[in-house]
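See structure below.
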Amino acid sequence: MTFHPPINTLCIATSLLVFLTSCNQSNKPEDGSGAKPAADTAGTTSSEADSPYHLIKSAKYVGAQDCRSCHEKEYGEWKQSDHHKAMEPANADTVLGDFNNVDFVHFKHRWHFFKKGEEFWVKAEDEKGKVQDYKIDYTFGFYPLQQYLIPFPGGRYQALQVCWDSRPKAEGGQRWYHLYPDEEVPPSDILHWTRRHFNWNFMCADCHSTNLRKNFDVASDSYDTQWSEMNVSCEACHGPGSEHLKWAAHQKQTGQTSSPPESKSIADDEVKNYLKSKGLVASLKEPQEGSWTINAESGKPQRSLPLNSNVQVETCARCHAHRRPLQPEFAAGHSFLGSHSPSVLRDNLYHPDGQINEEVYVYGSFIQSKMYHAGVRCSDCHNPHTMKLQFEGNALCVRCHVSEKYNTPAHHFHQLDSKGARCVECHMPSKVYMGVDARRDHSIRIPRPDLTKKLGSPNACNQCHTDKDVDWAVTAFEERWGKTGLRNAHYGELLAAGRQGGPEGMKKLMALAADKSYPGMVRATALAEFARQPSSPDALAVIAAQLKDPNPLVREQAVFALESTPAPQRLTIARGMLNDPVRAVRVEAARLLAGTRQQLREDEVAAWDRAAAEFIAAQMAMSDRAAGHMRLALFYSDLGRAKEAESAYHDAIRIEPEAIPPRINLAETLYQQGRIEESGKVFEAAVAADPANGVAHEALARYFIRIKQYDKGLVELQKAAQLMPEHAATQYFLGVALNSMGRFAEALPTLQKAHQLDAGNPEYLIGLATICRDAGQMDLALSYVKKLRALDPQSQSYQQLEAQLKAGAR
């Protein structure tokens, strides 16, 4: 069994010393988000003339002070922002926490905060449990909490998980608190502050500093992380400013805007871009700014001019999204999917209806919203330099939404000036992260208590009315708006049905993926679910159609949707995606088609080689985690390059010794090569590395069964089932194993549990019918076949199975 890691592994990842220059050979701006913001075109390629991204290779980072002379107002606003305070040297002006010989105790573990002269220190346990004195080098963040960074060997900085709550005391702040208040995190725990999940270089640095180069060296497992500016400065958003300074000086000196300054650094092919962008690699302003007005007929807001591009949202998305990097070092002047691959609405990240659940930030929810598709940008609500709201409370919303219609009890059914009368409380409910940081869902949706009842998603009504149950909320909603207020099925219902599996669920996913009235993020999510199920001809037709979609996120996930498709069909359907204008799509296509490289036409090999170099670069951007090496190993395995695959697995294990998937995959690779004894040792080492890991025990069980040591295999499989009681496949495997050893009485309830956990899986019903038939329990076998036929009434094989059982029961 080969373990395939999740595609969306990281929420924040950064840059790397290794930079593959072959990955960015195009002289055109990457993908261009010159798309008009509509549900079926968001993020598409604009014409070169309209693109907000500009190739100016000579541009260098200069620093915020050089921007100040011309942009004093913006500089002053930025100085007030959390961006300015994202990371600072620890001193009396920046440290907010109480270091006056204060103790904090959490589950018997003690932290002592104190000063040595002007320096700030903490006494805390190291990774072995030994108490050490640590100097605080940097503050990290400002409000509503502040963390502290401590230097470690190998260029690492670790963030303390005991944080300072910087909220006012009246709100519960001005105190030390632990990020895991209800659980002990001993030094041996993977979540201990000294370990990789609290490593600044990997987890945090990219979005808290400007022009960050992570500079991780795989061979020495060390960092040499550098930045242009420690905090989030002007050029983090606007890109390197050296050529803009030259343009400004030239314009001031000569009054000329139609010719660039004389400079050997500006190539002839860059002059047009240079003049258009004033020397910047990204134009964050629209060519012609529109405004919001109220449509006289509908009473709804509308832009006076459609947006030329989504450049502003995509610029913010680089840090305000759950994503993984596609380049070892971020290069400004490309669209979001030219530098990153955003996570879709996976069920381990978002609630079934698309509301935020895990720490996924803003982008994934916002691009679901009607406002995004109507042309709302971040700066319509937020001052881009102070980061604060343009107006407070409902005053922000009624600039575009008629106050007499919406800011009234006739609309919100709450007393004016009460919490329930605030637009955001109903339409942008919040969730608290990191203990004190309440963040609002930006999908800006209508409350749906009915979806809470159907899917288990939260709803704004019950978040405020905690003394009421969901039935109360559903009834209250229907009393105010009637049952017709909930018009069509929500896409969350369609996704949930699709995730249950079976032909009917797949039909819903296909319809959702193909319906361009839904947001691109939703359609991309539906396509991602295709990969979990065998592809039918109808599904392949839907995938092929979405490979032509204007939205690059849809195209990327359409490529991924071919994951479970046989290699020849993959090649037939997806070969053209190697030349897609968007890096994220090309990277996914290179991975998907690696096993078919030998079947490519001569003119396609060069395109695959370029895309493959981009794929390798994307993995090297994550080379300080096992996931990057794992994906490389799988890639090399598909190419038949076994030695390189084995080496990548060893790198993954060395970089992240506690990671179990690379150990399992390495063991399986060795087994497939006939190195049976070596394979067994690696399987056993996986269990030894994490005895509480059910996947490791199951992998070892499969190994023992294959070498016919059935008793040992059964013991390991029982451990796996005990450790993963909610994992249907493990329960099914255990049930089959028990039955094969003549233990039907134990096998039956185990297989029944697998079916209960995954009722839409036909394999489990076939297994139940089979073991019951073999045990002579024909009536019980027939009952499972009836359930099987209900999943797919048209299946001839299920009809034949039912007929055979009925004949045998006579």
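Here's how to read the names in the structure tokens: chain A, B, ... by the order shown, residue numbers from 1 in each chain, ligand numbers from 1 in the order shown.
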* To do: Using backbone DSSP assignments, extract all strand (DSSP E or B) residues from stretch 133-354 of chain A; output them as a VMD selection string.
  => chain A and resid 133 to 135 138 to 140 145 to 152 156 to 159 162 to 165 175 to 178 199 210 213 216 to 217 222 to 223 226 229 282 292 to 294 301 to 303 321 323 to 325 340 to 342 350
TODO: Might you pull out every residue within 8 Å of A:Trp292, with only C-alpha atoms counted and same-chain residues fewer than 5 positions away left off, and present them as number ranges by chain?
DONE: A: 301-304, 400
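Nearest to A:Arg440 of all the residues A:Ala395, A:Gln355, A:Lys300, A:Lys681 is A:Gln355, counting only C-alpha atoms.
Residues with any atom within 10 Å of A:Glu763, counting only C-alpha atoms and excluding same-chain neighbours fewer than 6 positions away, are Ala729, Tyr732, His755, Ala769 and Leu788 of chain A.
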Please produce an output containing N, CA and C atoms for each residue in the selection, written as an mmCIF file, in the first residue's frame.
```cif
data_model
loop_
_atom_site.group_PDB
_atom_site.id
_atom_site.type_symbol
_atom_site.label_atom_id
_atom_site.label_comp_id
_atom_site.auth_asym_id
_atom_site.auth_seq_id
_atom_site.Cartn_x
_atom_site.Cartn_y
_atom_site.Cartn_z
ATOM 1 N N ALA A 729 -12.215 1.567 6.084
ATOM 2 C CA ALA A 729 -11.410 0.619 5.309
ATOM 3 C C ALA A 729 -10.648 -0.343 6.213
ATOM 4 N N TYR A 732 -13.037 -2.900 7.539
ATOM 5 C CA TYR A 732 -13.360 -3.861 6.478
ATOM 6 C C TYR A 732 -12.231 -4.872 6.296
ATOM 7 N N HIS A 755 -19.545 -0.865 7.147
ATOM 8 C CA HIS A 755 -20.698 -0.403 6.373
ATOM 9 C C HIS A 755 -21.376 0.782 7.053
ATOM 10 N N ALA A 769 -22.464 -9.465 2.003
ATOM 11 C CA ALA A 769 -23.294 -10.459 1.318
ATOM 12 C C ALA A 769 -22.519 -11.756 1.099
ATOM 13 N N LEU A 788 -27.397 -2.925 -1.657
ATOM 14 C CA LEU A 788 -26.471 -2.720 -2.754
ATOM 15 C C LEU A 788 -27.207 -2.252 -4.006
#
```
Practice prompt. Mind checking which residues fall within 10 Å of A:Gly364, counting only C-alpha atoms, ignoring those fewer than 2 positions away in the same chain, and posting them as number ranges by chain?
Written response: A: 317, 320-323, 342-345, 350, 354-356, 360-362, 366-369, 441-443, 521-522
Which residues are near A:Leu571? Cut-off 7 Å, only C-alpha atoms, ignore same chain within fewer than 3 positions. Put them as a PDB file with N, CA, C and O atoms, in the first residue's frame.
```pdb
ATOM      1  N   ALA A 567      -3.783   5.368 -16.837  1.00  0.00           N
ATOM      2  CA  ALA A 567      -2.802   6.251 -17.477  1.00  0.00           C
ATOM      3  C   ALA A 567      -3.131   6.583 -18.931  1.00  0.00           C
ATOM      4  O   ALA A 567      -3.014   7.751 -19.328  1.00  0.00           O
ATOM      5  N   PRO A 568      -3.524   5.642 -19.769  1.00  0.00           N
ATOM      6  CA  PRO A 568      -3.803   6.007 -21.169  1.00  0.00           C
ATOM      7  C   PRO A 568      -4.909   7.057 -21.299  1.00  0.00           C
ATOM      8  O   PRO A 568      -4.819   7.959 -22.143  1.00  0.00           O
ATOM      9  N   ALA A 574      -5.676  14.904 -20.831  1.00  0.00           N
ATOM     10  CA  ALA A 574      -4.990  16.025 -20.171  1.00  0.00           C
ATOM     11  C   ALA A 574      -3.690  16.448 -20.825  1.00  0.00           C
ATOM     12  O   ALA A 574      -3.029  17.363 -20.317  1.00  0.00           O
ATOM     13  N   ARG A 575      -3.293  15.857 -21.934  1.00  0.00           N
ATOM     14  CA  ARG A 575      -1.976  16.161 -22.491  1.00  0.00           C
ATOM     15  C   ARG A 575      -1.816  17.649 -22.813  1.00  0.00           C
ATOM     16  O   ARG A 575      -0.727  18.215 -22.678  1.00  0.00           O
ATOM     17  N   LEU A 593       0.894  13.223 -15.391  1.00  0.00           N
ATOM     18  CA  LEU A 593       1.305  12.545 -16.625  1.00  0.00           C
ATOM     19  C   LEU A 593       2.721  11.981 -16.554  1.00  0.00           C
ATOM     20  O   LEU A 593       3.254  11.524 -17.573  1.00  0.00           O
ATOM     21  N   THR A 596       3.311   8.634 -18.004  1.00  0.00           N
ATOM     22  CA  THR A 596       3.026   8.478 -19.433  1.00  0.00           C
ATOM     23  C   THR A 596       4.037   9.234 -20.296  1.00  0.00           C
ATOM     24  O   THR A 596       3.808   9.415 -21.496  1.00  0.00           O
TER      25      THR A 596
END
```
As a check of understanding: the span from atom CA of A:Gln672 to atom CA of A:Gly767 is 27.4 Å
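Nearest residue to A:Ala282 among A:His650, A:His238, A:Arg610, A:Arg743 is A:His238, counting only C-alpha atoms.
Rounded to one decimal, atom CA of A:Leu700 and atom CA of A:Asn665 lie 11.7 Å from each other.
The interatomic distance for the pair atom CA of A:Ala410 and atom CA of A:Arg422 works out to 13.5 Å.
Counting only C-alpha atoms and comparing A:Arg625, A:Gly155, A:Asn101, A:Thr572, the residue that lies closest to A:Leu600 is A:Thr572.
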Show me, as a PyMOL selection string, the residues that have an atom within 7 Å of A:Arg555 when counting only C-alpha atoms, minus same-chain residues fewer than 6 positions from it. chain A and resi 546-549+585
Can you write just those residues out, N, CA and C atoms, as a short mmCIF file (atom, residue, chain, number, x, y, z; two decimals), in the first residue's frame?
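Now in selection_23.cif:
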```
data_model
loop_
_atom_site.label_atom_id
_atom_site.label_comp_id
_atom_site.auth_asym_id
_atom_site.auth_seq_id
_atom_site.Cartn_x
_atom_site.Cartn_y
_atom_site.Cartn_z
N GLN A 546 -14.20 20.70 -18.24
CA GLN A 546 -13.71 21.70 -17.29
C GLN A 546 -12.23 22.02 -17.51
N LEU A 547 -11.52 21.17 -18.23
CA LEU A 547 -10.13 21.50 -18.57
C LEU A 547 -10.05 22.72 -19.48
N LYS A 548 -11.18 23.10 -20.07
CA LYS A 548 -11.24 24.29 -20.93
C LYS A 548 -11.84 25.49 -20.21
N ASP A 549 -12.11 25.35 -18.92
CA ASP A 549 -12.77 26.42 -18.18
C ASP A 549 -11.87 27.64 -18.07
N VAL A 585 -1.61 24.86 -12.91
CA VAL A 585 -2.19 23.82 -13.76
C VAL A 585 -1.08 22.98 -14.38
#
```
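The shortest atom-to-atom distance to A:Asn579, with only C-alpha atoms taken into account, belongs to A:Ala606 out of A:Ala124, A:Ala606, A:Ala594, A:Cys423.
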Quiz item: Quick one: residues within 12 Å of A:Tyr491, only C-alpha atoms counted, chain neighbours fewer than 4 positions away excluded, as a ChimeraX atom specification?
Solution: /A:345,351-355,368,451,455,487,495-498,508-509,511-513,515,517-523,525-526
Backbone-only DSSP, helix (DSSP H, G or I) members of stretch 334-469 of chain A, as number ranges by chain: A: 336-339, 363-366, 370-374, 378-381, 394-397, 403-406, 409-412, 419-421, 423-427, 449-455, 460-464
